[in-house]
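Structure first, then comments.
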Amino acid sequence: MIKGLVGAIALSAAFVAQAGGSVESIIDQAIAANKEAKSLGYEWNVTGKAIKAAQAALKAGDSAEAMKLAAHAKYMAEASVYQANDEANMWQMRVPK
Amino acid sequence: MKKITQLALVLGVAASGYALASPEADRAAFENFYEKRFPQVTEGDFINGVYSILPAAREQWEAIEEFPPYEVAIEDGEELYNTVFANGKSLADCFDTPAQRENYPYWDADRGKVVTMEMAINECRVANGEKPYKTKKGALAAVSAYMSYESRGQMINVQIPTDDAGAMAAYNAGKEIFYTKRGQLNFACSDCHMYGSGLNARADTMSPAFGHASHWPVYRSKWQAMGTLHRRFAGCMTNVRAKPFKAQGTEYANLEYFLTYMSNGLEFNGPGARK
């Protein structure tokens, strides 16, 4: 599971680097993924704050910092969705029989 | 190839085994897990949480219990229980006796939801034109403390009507929350309170989940106040950096339904005191 999570994070990092999208679009993707995690009951309590930090940096005109924070927020949001999907299959293994 | 088919068969059987596990089989395996892990704990003593497995800390805790920090809450709760609402009624009119613990949580088939004792208290207030109490501490914890105190010695005996699809779904949803890893730190309740029980997380030894639902609400030294079971759920989820669910919402009610059922056969001994 931890390996899987790290994999997902590495993947999304590669995706961000390649896509080279605008800060706004990366923030939008972070928001969308975080919403999905929330609807699955798996929102992390650090993601919302990370999104806000990225938005604040963007507003302050620090685009390099905003890009870094947006990418970080997006990794976390996507990792929490990954966790939700992975756990849907994994948890039964932990039930003692 | 043959091996793969065999493996698939084994997995298939295992998977259907999971699907078919009845609440009663779950409960027996759950209890058995803790009795095997902590053979030194005498029967029924798991209701004392981490002190059931930590003799050294237990002495100090027993000294605290002689002048219990939740006593004020019991008195406040009794007063609130009998305080007359604007319409002339009181909480006492909603319950035939304050000793209600053994009746909760239960599956309300008509409304299609799990009802906890704290929910019932708030529903009584709302039905009588009063505002519901806040759900984690304060007045609700006080009334709950009084009612729990009056219920001491009752047996935990939660019913899961297995022929009711809604009840089974609620039970399974609670069970799923207990066993799923959550938050940035990627921990399940079971990682700490089952497979990690008796081990340390920083300065704390992690308690067995068998008995977890017996003694609420709790006066916690860290809070310097009383808190409900759902307050504790929220704290544990926050600690693993997951966004907690709403206290007295569906998710925690289902989790309480599962967790309390797992402790069937133990005694209610609330309110409690913890570090």
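Please note that chains go A, B, ... in the order of the structure tokens, that every chain numbers its residues from 1, and that ligands are numbered from 1 in the order shown.
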Quick one: everything within 10 Å of Gln40 of chain B, counting only C-alpha atoms, minus sequence neighbours fewer than 4 positions away in the same chain. Send it as number ranges by chain. B: 35-36, 52-53
Write the residues of the selection above to a file with all heavy atoms, as a compact mmCIF listing (two decimals), in the first residue's frame.
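The file below, result38.txt, is the result:
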```
# COMPACT_ATOMS: atom_id res chain seq x y z
N GLU B 35 -8.21 -11.76 23.07
CA GLU B 35 -7.97 -12.69 24.18
C GLU B 35 -6.68 -13.47 23.98
O GLU B 35 -5.96 -13.77 24.92
CB GLU B 35 -9.20 -13.60 24.37
CG GLU B 35 -10.32 -12.80 25.03
CD GLU B 35 -11.65 -13.52 25.09
OE1 GLU B 35 -11.78 -14.60 24.49
OE2 GLU B 35 -12.57 -12.97 25.75
N LYS B 36 -6.38 -13.76 22.71
CA LYS B 36 -5.11 -14.45 22.39
C LYS B 36 -3.93 -13.50 22.58
O LYS B 36 -2.87 -13.90 23.06
CB LYS B 36 -5.13 -14.90 20.93
CG LYS B 36 -5.89 -16.19 20.70
CD LYS B 36 -4.98 -17.19 19.96
CE LYS B 36 -5.64 -18.56 19.84
NZ LYS B 36 -6.64 -18.54 18.75
N SER B 52 -6.16 -1.98 31.12
CA SER B 52 -6.32 -3.43 31.24
C SER B 52 -5.02 -4.15 30.88
O SER B 52 -4.82 -5.29 31.27
CB SER B 52 -7.47 -3.91 30.34
OG SER B 52 -7.14 -3.76 28.97
N ILE B 53 -4.17 -3.46 30.12
CA ILE B 53 -2.92 -4.12 29.70
C ILE B 53 -1.67 -3.45 30.26
O ILE B 53 -0.56 -3.86 29.95
CB ILE B 53 -2.83 -4.19 28.16
CG1 ILE B 53 -2.89 -2.80 27.52
CG2 ILE B 53 -3.94 -5.07 27.59
CD1 ILE B 53 -2.54 -2.78 26.03
```
Determine, for each residue of chain A having at least one atom at most 9 Å from an atom of chain B, the closest pair of atoms and their separation in Å to one decimal, counting only C-alpha atoms; order by chain and ascending number, as CSV.
```
residue,atom,partner,partner_atom,distance
A:Met1,CA,B:Asn186,CA,8.7
A:Ile2,CA,B:Asn186,CA,7.8
A:Lys38,CA,B:Lys243,CA,8.6
A:Gly41,CA,B:Phe245,CA,8.1
A:Tyr42,CA,B:Arg182,CA,6.4
A:Glu43,CA,B:Lys243,CA,5.5
A:Trp44,CA,B:Ala242,CA,4.2
A:Asn45,CA,B:Lys243,CA,4.4
A:Val46,CA,B:Arg241,CA,6.6
A:Met76,CA,B:Gln184,CA,7.8
A:Ala79,CA,B:Gln184,CA,8.5
A:Ser80,CA,B:Gly183,CA,7.4
A:Gln83,CA,B:Arg182,CA,7.4
A:Ala84,CA,B:Arg182,CA,8.0
A:Glu87,CA,B:Thr180,CA,6.0
A:Ala88,CA,B:Thr180,CA,7.9
A:Met90,CA,B:Thr180,CA,7.8
A:Trp91,CA,B:Thr180,CA,5.2
A:Gln92,CA,B:Tyr18,CA,6.7
A:Met93,CA,B:Tyr18,CA,8.5
A:Arg94,CA,B:Tyr179,CA,6.4
A:Val95,CA,B:Tyr179,CA,7.0
A:Pro96,CA,B:Ala29,CA,5.9
A:Lys97,CA,B:Ala29,CA,5.4
```
Neighbour list for Gln55 of chain A as a ChimeraX atom specification, cut-off 9 Å, only C-alpha atoms, skip fewer than 6 positions in-chain: /A:23-24,27,66,69-70
Atom pair atom CA of Pro208 of chain B + atom CA of Tyr261 of chain B, distance 14.7 Å
Between atom CA of Pro68 of chain B and atom CA of Gly272 of chain B, distance in Å (one decimal):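 For atom CA of Pro68 of chain B relative to atom CA of Gly272 of chain B, the distance reads 8.4 Å.
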Residue neighbourhood Leu229 of chain B, 12 Å, only C-alpha atoms, exclusion window fewer than 6 positions, as a PyMOL selection string: chain B and resi 116-118+135-137+140-141+144-145+212-220+235-236+247-248+252-253+255-257+259-260+270-272
Between A:Met67, A:Tyr75, A:Leu40, A:Ala50, single out the one closest to Ser22 of chain A, counting only C-alpha atoms. A:Met67
Residue among B:Thr228, B:Ser90, B:Gln159, B:Ser148 lying closest to Val126 of chain B, counting only C-alpha atoms: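 For Val126 of chain B, the nearest of the candidates is B:Ser90.
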Calculate how many Å separate atom CA of Asp96 of chain B from atom CA of His230 of chain B, rounding to one decimal.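 Calculated distance between atom CA of Asp96 of chain B and atom CA of His230 of chain B is 25.1 Å.
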If you count only C-alpha atoms, which residues fall within 7 Å of His193 of chain B, apart from same-chain ones fewer than 3 positions away, as a VMD selection string? chain B and resid 189 to 190 196 to 197 206 to 209
Just checking: using only C-alpha atoms, which residue out of A:Val81, A:Ala53, A:Ala33, A:Ile26 ends up closest to Glu65 of chain A? A:Ala53
With distances taken over only C-alpha atoms, which of B:Gly198, B:Gly153, B:Gly211, B:Gly138 is nearest to Gly227 of chain B?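 Among B:Gly198, B:Gly153, B:Gly211, B:Gly138, it is B:Gly138 that comes nearest to Gly227 of chain B.
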